[in-house]
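To be precise, the following lines are query25.txt, and they hold compact mmCIF, C-alpha atoms.
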```txt
# COMPACT_ATOMS: atom_id res chain seq x y z
CA MET H 2 3.53 -52.09 25.35
CA VAL H 3 6.13 -52.58 22.65
CA THR H 4 8.02 -50.02 20.63
CA VAL H 5 7.77 -50.52 16.89
CA SER H 6 9.73 -48.71 14.19
CA MET H 7 9.27 -48.97 10.48
CA ASN H 8 9.66 -47.01 7.30
CA VAL H 9 6.26 -45.69 6.23
CA ASN H 10 5.99 -43.96 2.86
CA GLY H 11 9.71 -43.20 2.94
CA GLU H 12 9.78 -41.83 6.47
CA LYS H 13 10.94 -43.53 9.65
CA ARG H 14 8.03 -43.80 12.10
CA THR H 15 8.05 -45.10 15.66
CA ALA H 16 5.24 -45.75 18.13
CA SER H 17 4.60 -47.53 21.37
CA VAL H 18 1.60 -49.87 21.12
CA ALA H 19 0.06 -52.94 22.75
CA PRO H 20 1.37 -56.12 21.05
CA GLU H 21 -2.10 -57.12 19.83
CA THR H 22 -2.37 -53.92 17.75
CA THR H 23 -2.76 -54.63 14.05
CA LEU H 24 -0.68 -52.82 11.46
CA LEU H 25 -3.94 -51.23 10.27
CA LYS H 26 -4.69 -49.78 13.70
CA LEU H 27 -1.11 -48.58 14.03
CA LEU H 28 -1.28 -46.78 10.69
CA ARG H 29 -4.65 -45.20 11.38
CA GLU H 30 -4.44 -44.35 15.05
CA SER H 31 -0.73 -43.86 15.78
CA PHE H 32 0.47 -42.52 12.44
CA ASN H 33 -2.74 -40.74 11.45
CA LEU H 34 -2.75 -42.40 8.02
CA THR H 35 -6.44 -43.09 7.53
CA GLY H 36 -6.34 -44.02 3.84
CA ALA H 37 -6.34 -47.75 4.59
CA LYS H 38 -9.81 -48.57 5.90
CA LEU H 39 -11.20 -50.96 8.49
CA GLY H 40 -13.80 -53.03 6.63
CA CYS H 41 -14.35 -56.67 7.53
CA ASP H 42 -11.25 -56.93 9.78
CA VAL H 43 -10.70 -60.58 8.73
CA GLY H 44 -8.99 -60.32 5.34
CA ASP H 45 -12.00 -60.72 3.06
CA CYS H 46 -12.70 -57.17 1.84
CA GLY H 47 -9.26 -55.68 1.12
CA ALA H 48 -10.17 -52.16 2.28
CA CYS H 49 -7.05 -52.22 4.52
CA THR H 50 -4.66 -53.24 1.72
CA VAL H 51 -1.12 -51.83 1.90
CA ILE H 52 2.25 -52.88 0.51
CA VAL H 53 4.86 -54.25 2.95
CA ASP H 54 8.37 -54.93 1.64
CA GLY H 55 6.95 -54.84 -1.91
CA LYS H 56 4.18 -57.36 -1.16
CA LEU H 57 0.47 -56.61 -1.14
CA VAL H 58 -1.04 -57.51 2.26
CA ASN H 59 -4.13 -57.00 4.39
CA SER H 60 -2.93 -54.70 7.18
CA CYS H 61 -5.74 -56.02 9.42
CA LEU H 62 -4.05 -59.45 9.37
CA MET H 63 -0.58 -58.34 10.40
CA LEU H 64 0.42 -57.42 13.93
CA ALA H 65 2.23 -54.11 14.31
CA PRO H 66 5.31 -55.83 15.88
CA GLN H 67 5.47 -58.12 12.81
CA ALA H 68 6.04 -55.00 10.68
CA GLU H 69 9.06 -53.98 12.78
CA GLY H 70 11.85 -52.72 10.49
CA ARG H 71 9.83 -53.21 7.33
CA GLU H 72 9.00 -50.83 4.48
CA VAL H 73 5.32 -49.95 4.42
CA LEU H 74 3.66 -48.15 1.52
CA THR H 75 0.12 -46.82 1.94
CA ILE H 76 -2.16 -44.88 -0.39
CA GLU H 77 -0.84 -41.66 1.19
CA GLY H 78 2.60 -42.51 -0.22
CA LEU H 79 1.48 -42.44 -3.86
CA ALA H 80 0.50 -38.84 -4.64
CA THR H 81 2.69 -35.78 -4.16
CA GLN H 82 1.44 -32.31 -3.15
CA ASP H 83 1.43 -31.35 -6.85
CA ARG H 84 -0.07 -34.33 -8.56
CA LEU H 85 -1.85 -37.62 -8.23
CA HIS H 86 -0.13 -40.92 -8.91
CA PRO H 87 -0.91 -42.01 -12.52
CA ILE H 88 -3.14 -44.84 -11.24
CA GLN H 89 -5.13 -42.39 -9.10
CA LYS H 90 -5.41 -39.99 -12.06
CA VAL H 91 -6.78 -42.65 -14.40
CA PHE H 92 -9.24 -43.85 -11.74
CA GLU H 93 -10.42 -40.24 -11.46
CA ASP H 94 -10.64 -39.69 -15.22
CA LYS H 95 -12.57 -42.90 -15.78
CA GLY H 96 -14.86 -42.51 -12.77
CA SER H 97 -13.66 -45.90 -11.54
CA LEU H 98 -14.78 -45.32 -7.95
CA GLN H 99 -18.19 -44.41 -6.62
CA CYS H 100 -18.47 -44.27 -2.82
CA GLY H 101 -14.70 -44.70 -2.66
CA PHE H 102 -14.42 -46.75 0.53
CA CYS H 103 -12.65 -49.61 -1.28
CA GLY H 104 -10.57 -47.18 -3.37
CA PRO H 105 -7.32 -46.99 -1.37
CA GLY H 106 -7.15 -50.78 -1.25
CA VAL H 107 -8.05 -51.24 -4.90
CA ILE H 108 -5.45 -48.71 -6.02
CA MET H 109 -2.73 -50.39 -3.92
CA SER H 110 -3.70 -53.74 -5.49
CA ALA H 111 -3.57 -52.15 -8.96
CA LYS H 112 -0.11 -50.77 -8.16
CA ALA H 113 1.22 -54.11 -6.92
CA LEU H 114 -0.21 -55.85 -9.99
CA LEU H 115 1.28 -53.37 -12.47
CA ASP H 116 4.65 -53.35 -10.69
CA GLN H 117 4.86 -57.08 -11.21
CA ASN H 118 3.05 -57.42 -14.51
CA PRO H 119 3.14 -54.24 -16.66
CA ASN H 120 0.70 -55.62 -19.22
CA PRO H 121 -1.87 -57.83 -17.48
CA SER H 122 -4.74 -59.58 -19.27
CA VAL H 123 -8.31 -58.95 -18.13
CA GLN H 124 -8.23 -62.27 -16.28
CA GLU H 125 -4.98 -61.30 -14.54
CA ILE H 126 -6.50 -57.95 -13.54
CA ARG H 127 -9.56 -59.71 -12.12
CA ASP H 128 -7.27 -62.07 -10.21
CA GLY H 129 -5.25 -59.09 -8.96
CA LEU H 130 -8.42 -57.41 -7.63
CA ALA H 131 -10.04 -60.59 -6.26
CA GLY H 132 -9.10 -59.59 -2.72
CA ASN H 133 -10.82 -56.21 -2.93
CA LEU H 134 -14.57 -56.08 -2.59
CA CYS H 135 -16.39 -53.17 -4.22
CA ARG H 136 -20.16 -53.05 -3.86
CA CYS H 137 -20.73 -49.94 -6.05
CA THR H 138 -18.96 -50.19 -9.36
CA GLY H 139 -19.17 -53.74 -10.62
CA TYR H 140 -15.40 -53.45 -11.24
CA SER H 141 -15.69 -52.75 -15.00
CA LYS H 142 -14.36 -49.22 -14.86
CA MET H 143 -11.54 -50.28 -12.54
CA ILE H 144 -10.49 -52.92 -15.02
CA GLU H 145 -10.69 -50.37 -17.86
CA ALA H 146 -8.56 -47.94 -15.86
CA ILE H 147 -5.87 -50.54 -15.22
CA GLN H 148 -5.87 -51.54 -18.90
CA THR H 149 -5.51 -47.87 -19.85
CA ILE H 150 -2.45 -47.42 -17.66
CA ALA H 151 -0.92 -50.63 -18.94
CA ARG H 152 -1.42 -49.42 -22.53
CA GLU H 153 0.05 -46.00 -21.77
CA ARG H 154 3.05 -47.47 -19.99
CA THR H 155 3.87 -50.07 -22.57
CA ALA H 156 3.18 -47.77 -25.58
CA MET B 27 -8.40 -58.50 20.26
CA ARG B 28 -7.64 -59.26 23.89
CA PRO B 29 -4.17 -58.47 25.20
CA PHE B 30 -1.35 -60.97 24.81
CA ASP B 31 2.41 -60.92 25.17
CA PHE B 32 4.38 -61.11 21.94
CA TYR B 33 7.71 -62.81 21.31
CA ALA B 34 9.50 -62.97 17.95
CA ALA B 35 11.43 -66.22 17.42
CA ARG B 36 14.83 -66.06 15.73
CA ASP B 37 14.60 -69.59 14.35
CA SER B 38 12.67 -72.83 14.83
CA SER B 39 14.56 -73.95 17.96
CA ASP B 40 14.03 -70.54 19.53
CA ALA B 41 10.33 -70.86 18.66
CA VAL B 42 10.07 -74.29 20.30
CA ALA B 43 11.83 -72.96 23.42
CA LEU B 44 9.42 -70.02 23.58
CA LEU B 45 6.42 -72.34 23.14
CA ALA B 46 7.66 -74.65 25.91
CA LYS B 47 8.38 -71.74 28.23
CA HIS B 48 5.08 -69.91 27.75
CA GLY B 49 2.68 -72.81 27.21
CA PRO B 50 -0.02 -73.94 27.36
CA SER B 51 -1.85 -70.67 26.64
CA VAL B 52 0.29 -69.86 23.64
CA LYS B 53 -0.32 -69.56 19.88
CA VAL B 54 2.04 -69.40 16.94
CA ILE B 55 1.66 -66.65 14.37
CA ALA B 56 3.23 -66.87 10.91
CA GLY B 57 1.23 -65.17 8.15
CA GLY B 58 -1.59 -64.42 10.59
CA THR B 59 -4.33 -64.88 8.00
CA ASP B 60 -6.07 -67.62 9.99
CA LEU B 61 -4.95 -66.79 13.54
CA LEU B 62 -5.87 -63.11 13.61
CA ALA B 63 -9.18 -63.66 11.81
CA ASP B 64 -9.98 -66.29 14.47
CA LEU B 65 -8.82 -64.30 17.49
CA LYS B 66 -10.96 -61.30 16.60
CA PHE B 67 -14.09 -63.40 17.05
CA ALA B 68 -12.98 -66.17 19.41
CA PRO B 69 -14.50 -66.50 22.88
CA ALA B 70 -12.28 -65.34 25.76
CA SER B 71 -11.47 -68.95 26.69
CA HIS B 72 -9.73 -69.42 23.33
CA HIS B 73 -7.51 -66.39 23.69
CA PRO B 74 -3.81 -67.06 24.20
CA LYS B 75 -1.79 -65.25 26.85
CA VAL B 76 1.25 -65.34 24.56
CA VAL B 77 1.76 -65.20 20.80
CA VAL B 78 5.04 -66.43 19.32
CA ASP B 79 5.89 -64.92 15.94
CA ILE B 80 7.83 -67.24 13.62
CA SER B 81 7.65 -64.97 10.56
CA ARG B 82 11.38 -64.18 10.89
CA ALA B 83 12.53 -67.76 11.53
CA ASP B 84 14.45 -68.06 8.28
CA ASP B 85 15.33 -71.75 8.72
CA LEU B 86 11.61 -72.44 8.06
CA ARG B 87 11.85 -70.92 4.58
CA GLY B 88 12.97 -72.34 1.28
CA ILE B 89 12.07 -74.95 -1.31
CA ARG B 90 14.78 -77.40 -2.35
CA GLU B 91 15.48 -80.92 -3.52
CA THR B 92 17.26 -83.03 -0.91
CA ASP B 93 18.21 -86.71 -0.63
CA ALA B 94 14.82 -87.32 0.98
CA GLY B 95 12.82 -85.60 -1.78
CA LEU B 96 11.37 -82.14 -2.30
CA ARG B 97 11.51 -80.17 0.94
CA ILE B 98 9.20 -77.20 1.46
CA GLY B 99 9.69 -75.07 4.58
CA SER B 100 6.55 -74.47 6.62
CA LEU B 101 6.97 -70.69 6.28
CA VAL B 102 6.86 -70.78 2.47
CA THR B 103 3.93 -68.62 1.35
CA HIS B 104 1.31 -69.60 -1.21
CA THR B 105 2.71 -66.90 -3.52
CA GLU B 106 6.21 -68.39 -3.18
CA ILE B 107 4.81 -71.80 -4.15
CA MET B 108 3.15 -70.27 -7.22
CA GLU B 109 6.39 -68.55 -8.25
CA SER B 110 8.83 -71.36 -7.46
CA PRO B 111 10.53 -72.63 -10.64
CA ILE B 112 11.11 -76.08 -9.04
CA ILE B 113 7.46 -76.49 -8.05
CA ARG B 114 6.17 -75.13 -11.36
CA ASP B 115 8.27 -77.72 -13.13
CA LEU B 116 7.69 -80.73 -10.87
CA PHE B 117 4.24 -80.15 -9.38
CA PRO B 118 1.95 -77.79 -11.30
CA ALA B 119 -0.87 -79.20 -9.11
CA LEU B 120 0.66 -77.44 -6.08
CA VAL B 121 0.73 -74.19 -8.04
CA ASP B 122 -2.92 -74.61 -9.01
CA ALA B 123 -3.88 -75.43 -5.41
CA ALA B 124 -2.01 -72.40 -4.03
CA HIS B 125 -3.71 -70.17 -6.61
CA THR B 126 -7.17 -71.17 -5.32
CA ILE B 127 -6.36 -69.99 -1.79
CA GLY B 128 -7.75 -66.57 -0.79
CA ALA B 129 -6.56 -63.65 -2.90
CA VAL B 130 -3.21 -61.98 -3.64
CA GLN B 131 -3.09 -60.32 -0.19
CA THR B 132 -3.75 -63.53 1.74
CA ARG B 133 -1.47 -65.63 -0.49
CA ASN B 134 1.39 -63.18 0.15
CA LEU B 135 1.02 -63.57 3.93
CA GLY B 136 -0.44 -67.05 4.34
CA THR B 137 1.99 -69.96 4.62
CA LEU B 138 1.85 -73.60 3.62
CA GLY B 139 2.52 -74.62 7.22
CA GLY B 140 -0.26 -72.40 8.50
CA ASN B 141 -2.72 -73.77 5.95
CA LEU B 142 -1.95 -77.34 7.09
CA VAL B 143 -1.88 -76.59 10.83
CA THR B 144 -5.27 -74.87 10.73
CA ALA B 145 -6.50 -78.18 9.30
CA VAL B 146 -9.96 -77.23 8.12
CA PRO B 147 -11.48 -80.13 6.14
CA SER B 148 -11.43 -77.98 2.98
CA VAL B 149 -7.68 -77.20 3.32
CA ASP B 150 -6.65 -76.46 -0.27
CA SER B 151 -2.99 -77.46 0.17
CA GLY B 152 -4.03 -80.80 1.64
CA PRO B 153 -5.25 -83.12 -1.12
CA THR B 154 -2.28 -82.69 -3.48
CA LEU B 155 0.24 -83.28 -0.70
CA VAL B 156 -1.69 -86.26 0.70
CA ALA B 157 -1.90 -87.74 -2.81
CA LEU B 158 1.90 -87.39 -3.03
CA ASP B 159 2.41 -89.23 0.32
CA ALA B 160 3.94 -86.06 1.80
CA VAL B 161 5.62 -86.35 5.18
CA VAL B 162 5.69 -83.57 7.76
CA THR B 163 8.60 -82.83 10.09
CA ILE B 164 7.70 -81.57 13.53
CA ALA B 165 10.12 -79.95 15.98
CA GLY B 166 9.49 -80.18 19.71
CA PRO B 167 11.30 -79.95 23.03
CA ASP B 168 12.50 -83.57 22.61
CA GLY B 169 13.78 -83.17 19.07
CA ARG B 170 12.26 -83.79 15.68
CA ARG B 171 9.79 -86.39 14.49
CA GLN B 172 8.15 -87.18 11.17
CA LEU B 173 4.78 -88.54 10.20
CA PRO B 174 2.68 -88.79 7.05
CA LEU B 175 0.60 -85.68 6.38
CA ALA B 176 -2.47 -87.95 6.16
CA GLU B 177 -1.93 -88.81 9.85
CA PHE B 178 -1.00 -85.24 10.81
CA PHE B 179 -4.61 -84.33 10.05
CA VAL B 180 -6.74 -85.72 12.88
CA GLY B 181 -10.11 -84.00 12.41
CA PRO B 182 -11.68 -80.62 11.76
CA ARG B 183 -9.10 -78.08 13.00
CA LYS B 184 -7.26 -80.87 14.83
CA THR B 185 -3.73 -82.04 14.11
CA ALA B 186 -1.23 -84.40 15.69
CA LEU B 187 0.79 -81.43 17.01
CA LYS B 188 1.45 -81.67 20.75
CA PRO B 189 2.01 -78.69 23.03
CA ALA B 190 5.24 -76.82 22.23
CA GLU B 191 5.57 -78.56 18.87
CA LEU B 192 6.04 -76.72 15.60
CA LEU B 193 5.54 -77.87 12.01
CA VAL B 194 8.88 -77.14 10.34
CA GLU B 195 8.82 -78.70 6.91
CA ILE B 196 6.87 -80.77 4.41
CA THR B 197 8.67 -83.33 2.27
CA ILE B 198 7.42 -85.01 -0.87
CA PRO B 199 9.34 -88.31 -0.86
CA LYS B 200 11.95 -88.88 -3.53
CA GLU B 201 10.02 -91.68 -5.25
CA ASN B 202 7.16 -89.26 -5.91
CA VAL B 203 9.16 -86.29 -7.14
CA GLY B 204 7.73 -85.39 -10.53
CA LYS B 205 4.80 -87.84 -10.21
CA PRO B 206 2.06 -86.58 -12.55
CA THR B 207 -0.60 -85.00 -10.35
CA HIS B 208 -3.63 -82.83 -10.96
CA PHE B 209 -5.64 -80.74 -8.49
CA LEU B 210 -9.19 -79.42 -8.90
CA LYS B 211 -11.26 -77.31 -6.55
CA PHE B 212 -14.93 -76.53 -6.89
CA GLY B 213 -16.18 -73.48 -4.99
CA LEU B 214 -19.24 -71.27 -5.37
CA ARG B 215 -17.15 -68.62 -7.15
CA LYS B 216 -13.59 -68.25 -8.41
CA GLY B 217 -12.17 -65.70 -5.97
CA GLN B 218 -11.80 -66.24 -2.21
CA ALA B 219 -14.10 -69.26 -2.06
CA LEU B 220 -13.98 -72.25 0.27
CA ALA B 221 -14.02 -75.59 -1.52
CA LEU B 222 -17.25 -77.55 -1.73
CA VAL B 223 -15.03 -80.36 -2.89
CA ASN B 224 -11.34 -80.46 -3.76
CA VAL B 225 -9.63 -83.43 -5.37
CA ALA B 226 -6.08 -84.43 -6.25
CA ALA B 227 -5.24 -87.38 -8.47
CA SER B 228 -1.71 -88.71 -8.88
CA PHE B 229 -0.25 -91.77 -10.62
CA TRP B 230 2.71 -93.02 -12.58
CA VAL B 231 2.04 -94.58 -15.96
CA ASP B 232 3.37 -97.99 -16.86
CA TRP B 233 3.91 -97.09 -20.53
CA ASP B 234 4.45 -100.73 -21.66
CA SER B 235 0.97 -101.77 -20.58
CA GLU B 236 -0.62 -98.28 -20.45
CA THR B 237 -1.79 -98.97 -16.88
CA PHE B 238 -2.06 -96.99 -13.65
CA LEU B 239 0.93 -97.39 -11.31
CA ASN B 240 0.64 -96.39 -7.61
CA PRO B 241 -2.55 -94.38 -8.13
CA ARG B 242 -3.58 -91.94 -5.38
CA ILE B 243 -6.79 -89.98 -5.06
CA ALA B 244 -7.19 -87.54 -2.17
CA LEU B 245 -10.40 -85.69 -1.36
CA GLY B 246 -10.94 -82.53 0.69
CA ALA B 247 -14.05 -80.95 2.23
CA VAL B 248 -15.99 -84.22 2.12
CA ALA B 249 -14.98 -85.82 5.43
CA PRO B 250 -13.72 -84.56 8.83
CA LYS B 251 -10.24 -84.41 7.30
CA VAL B 252 -8.53 -84.94 3.94
CA ILE B 253 -9.03 -88.59 2.99
CA ARG B 254 -7.73 -91.03 0.41
CA ALA B 255 -10.36 -92.62 -1.85
CA GLU B 256 -9.07 -96.09 -1.15
CA SER B 257 -11.54 -98.19 -3.09
CA ALA B 258 -10.99 -96.01 -6.15
CA GLU B 259 -7.21 -96.36 -5.76
CA LYS B 260 -7.48 -100.12 -5.37
CA PHE B 261 -9.61 -100.38 -8.49
CA LEU B 262 -7.20 -98.27 -10.58
CA ALA B 263 -3.97 -100.05 -9.59
CA GLY B 264 -2.85 -102.05 -12.62
CA GLU B 265 -5.99 -101.09 -14.56
CA GLU B 266 -5.69 -100.03 -18.19
CA ILE B 267 -5.84 -96.23 -18.59
CA THR B 268 -9.20 -95.53 -20.23
CA THR B 269 -11.93 -92.92 -19.84
CA ASP B 270 -14.23 -95.64 -18.52
CA ALA B 271 -11.75 -96.60 -15.82
CA MET B 272 -11.44 -92.96 -14.76
CA ALA B 273 -15.23 -92.61 -14.60
CA GLU B 274 -15.52 -95.78 -12.53
CA ALA B 275 -12.84 -94.45 -10.15
CA GLY B 276 -14.97 -91.30 -9.80
CA ARG B 277 -18.02 -93.36 -8.84
CA LEU B 278 -16.00 -95.34 -6.31
CA ALA B 279 -14.40 -92.18 -4.85
CA SER B 280 -17.86 -90.74 -4.37
CA GLY B 281 -18.69 -93.77 -2.21
CA ASP B 282 -15.47 -93.43 -0.22
CA ALA B 283 -16.38 -89.92 0.94
CA LYS B 284 -18.55 -88.94 3.91
CA PRO B 285 -19.77 -85.48 2.90
CA ILE B 286 -22.14 -83.41 5.01
CA SER B 287 -24.94 -81.06 3.98
CA ASP B 288 -24.37 -77.48 5.04
CA MET B 289 -25.19 -73.95 3.91
CA ARG B 290 -22.87 -74.29 0.90
CA ALA B 291 -24.08 -77.56 -0.61
CA SER B 292 -25.95 -80.78 0.10
CA ALA B 293 -24.15 -84.04 0.70
CA GLN B 294 -25.63 -85.48 -2.52
CA TYR B 295 -24.38 -82.52 -4.57
CA ARG B 296 -20.92 -83.01 -3.09
CA ARG B 297 -21.02 -86.73 -3.96
CA ASP B 298 -21.92 -85.90 -7.56
CA LEU B 299 -19.09 -83.36 -7.67
CA ILE B 300 -16.59 -85.93 -6.39
CA ALA B 301 -17.42 -88.31 -9.23
CA VAL B 302 -16.99 -85.61 -11.89
CA LEU B 303 -13.93 -83.94 -10.38
CA THR B 304 -12.11 -87.22 -9.71
CA LYS B 305 -12.51 -88.25 -13.33
CA ARG B 306 -11.33 -84.85 -14.53
CA ALA B 307 -8.38 -84.84 -12.12
CA LEU B 308 -7.32 -88.27 -13.42
CA GLU B 309 -7.61 -86.97 -16.98
CA GLY B 310 -5.52 -83.93 -16.02
CA ALA B 311 -2.80 -86.08 -14.45
CA TYR B 312 -2.72 -88.34 -17.52
CA GLU B 313 -2.41 -85.34 -19.82
CA LEU B 314 0.53 -84.14 -17.74
CA ALA B 315 2.12 -87.59 -17.82
CA GLN B 316 1.89 -87.62 -21.62
CA LYS B 317 3.33 -84.12 -21.85
CA LYS B 318 6.26 -85.03 -19.58
CA ARG B 319 6.93 -88.17 -21.61
CA LYS B 320 7.15 -86.16 -24.83
CA GLN B 321 9.55 -83.70 -23.22
CA SER B 322 11.91 -86.37 -21.94
```
Take the structure in the file and give it back as structure tokens.
Amino acid sequence: MVTVSMNVNGEKRTASVAPETTLLKLLRESFNLTGAKLGCDVGDCGACTVIVDGKLVNSCLMLAPQAEGREVLTIEGLATQDRLHPIQKVFEDKGSLQCGFCGPGVIMSAKALLDQNPNPSVQEIRDGLAGNLCRCTGYSKMIEAIQTIARERTA
Amino acid sequence: MRPFDFYAARDSSDAVALLAKHGPSVKVIAGGTDLLADLKFAPASHHPKVVVDISRADDLRGIRETDAGLRIGSLVTHTEIMESPIIRDLFPALVDAAHTIGAVQTRNLGTLGGNLVTAVPSVDSGPTLVALDAVVTIAGPDGRRQLPLAEFFVGPRKTALKPAELLVEITIPKENVGKPTHFLKFGLRKGQALALVNVAASFWVDWDSETFLNPRIALGAVAPKVIRAESAEKFLAGEEITTDAMAEAGRLASGDAKPISDMRASAQYRRDLIAVLTKRALEGAYELAQKKRKQS
């Protein structure tokens, strides 16, 4: 077992886990943060997407000890008790999710994209979401939602 | 995943020491995008007892011009290649190749060194670097050694790395820094696809005679490892730069390859793709050469 400590959604968290534990498993099973989902477990589907030190990553492809000392942001770190994060709100208003399983990952990808590129083109949005598979929506309403936020923010 | 012991290396020499100490049942993890995906499905016999993490070995980072040429640390991620001002200026083909790998998440974690060490025949970083005569530097218990990337690749998922050795950097030799190069990949879709064929073409232009100088064509996914299309290169050397010559090089490159038929495409389809993509890659490199000439 190894002890790992990191900053998760602004809070210092520590756990003792087997070294082969993925960051995803650590988040879900040790820290009770079940927003990031276990989908394919090999980095194809993006359901486990989180942000580590400002970079979008698949948490199923990072070992928990590799995240030692890092800053981890998950979907649970976006909303407050009072209100949704603006990206979540627009996704809700537009009906951008259907079953919702891919949602936490898609929204983290949208956040990372907009943080880096406040006014992305449709092609850049598609590229930004290429690592997130959604089998319900066909992506159109997600792309519309991200365009809406970009317009609001740059207006 | 099965249990393993985990050690984080401080730097490359620490990593080599850890590999030597814990070998032979030991694996290196950097970005983890290949290793962890493999370990989750690998048979028990392929599972390492020890994993050495090099993701904090900062001497393996960085992109810079040295006396030997352009040096890229093995831990440089695909995203860092795409964002590097030096690479964007000197080798847009490397930026294009990095962009075709995985998606944002995997490009942020995945490293150039990892892409090369995994050594699948479709390795997207491979053709451009082979076309630029890139040299790899390997650190081991007995010191460092260098060899051409083309020889580093031995076969599907096989490299020249010996036990306890680590790929530390990739160098594009000085004489090829800025050499006009173009990379093209053809997959079944744009996002997260493996290449059916990938091609890099690179040459200097002798502007007095408008001929090809030191032409290189490297092909991926059409042989057990990345290969040079030698008969196409031989034909182009000294040849006048024309569309016909580029098309003929494409036909010759198609003959140089040994593609297989698999679930993604037939061998014949791959051969046809090689001819088309080689011609287009040559056109792309020529366009870049003309652009660079105007700028200078």
Separation of CA of Glu109 in chain B from CA of Ser151 in chain B in Å: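 Computing it gives 15.4 Å between the two atoms.
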For chain B, report every residue with an atom at most 6 Å from chain H (counting only C-alpha atoms), formatted as a count of residues only. 9
Choose the residue, out of H:Gly139, H:Pro119, H:Gly36, H:Gly55, that has the smallest atom-to-atom separation from Leu98 in chain H; count all atoms listed in the file.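 Between H:Gly139, H:Pro119, H:Gly36, H:Gly55, the residue approaching Leu98 in chain H most closely is H:Gly139.
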Which value, in Å to one decimal, gives the distance between CA of Phe179 in chain B and CA of Lys66 in chain B? 24.8 Å
Between CA of Thr197 in chain B and CA of Ser39 in chain B - distance in Å to one decimal: 19.2 Å
Option closest in space to Ala307 in chain B, from B:Ala124, B:Ala119, B:Leu175, B:Ala263 [counting only C-alpha atoms]: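 The closest residue to Ala307 in chain B is B:Ala119.
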Need the shell around range 198-208 of chain B: protein/DNA/RNA residues with any atom at most 8 Å away, counting all atoms listed in the file. Skip same-chain ones fewer than 5 positions apart. Format as a VMD selection string? chain B and resid 93 to 97 116 to 119 154 to 155 158 to 161 226 to 230 307 to 308 310 to 312 314 to 315
List the spatial neighbours of Arg82 in chain B as a list in words - criterion: any atom at most 9 Å away, all atoms listed in the file, same-chain residues fewer than 2 positions off excluded.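 In the requested form, the answer reads Gln67 of chain H; Ala34, Ala35, Arg36, Asp37, Ala56, Asp79, Ile80, Asp84, Asp85 and Leu86 of chain B.
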Go through H:Thr81, H:Asn118, H:Ser97, H:Gln148 one by one, measure the shortest atom-to-atom distance of each to Cys135 in chain H using all atoms listed in the file, and give the residue with the smallest value.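 The answer is H:Ser97, which sits nearest to Cys135 in chain H.
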Compile the contact shell of Thr35 in chain H as a VMD selection string: residues with an atom at most 10 Å away, counting all atoms listed in the file, same-chain residues fewer than 4 positions apart removed. chain H and resid 25 to 26 28 to 30 39 49 75 to 77 105
Next, write the just-selected residues to a file, as a short mmCIF file (atom, residue, chain, number, x, y, z; two decimals), in the frame of the given file, keeping C-alpha atoms as the atom set.
```cif
data_model
loop_
_atom_site.label_atom_id
_atom_site.label_comp_id
_atom_site.auth_asym_id
_atom_site.auth_seq_id
_atom_site.Cartn_x
_atom_site.Cartn_y
_atom_site.Cartn_z
CA LEU H 25 -3.94 -51.23 10.27
CA LYS H 26 -4.69 -49.78 13.70
CA LEU H 28 -1.28 -46.78 10.69
CA ARG H 29 -4.65 -45.20 11.38
CA GLU H 30 -4.44 -44.35 15.05
CA LEU H 39 -11.20 -50.96 8.49
CA CYS H 49 -7.05 -52.22 4.52
CA THR H 75 0.12 -46.82 1.94
CA ILE H 76 -2.16 -44.88 -0.39
CA GLU H 77 -0.84 -41.66 1.19
CA PRO H 105 -7.32 -46.99 -1.37
#
```
Take the point (-17.9, -48.5, -10.0) as written in the file and pick out every residue within 9 Å of it, counting only C-alpha atoms; give the list as a ChimeraX atom specification. /H:96-101,135-143
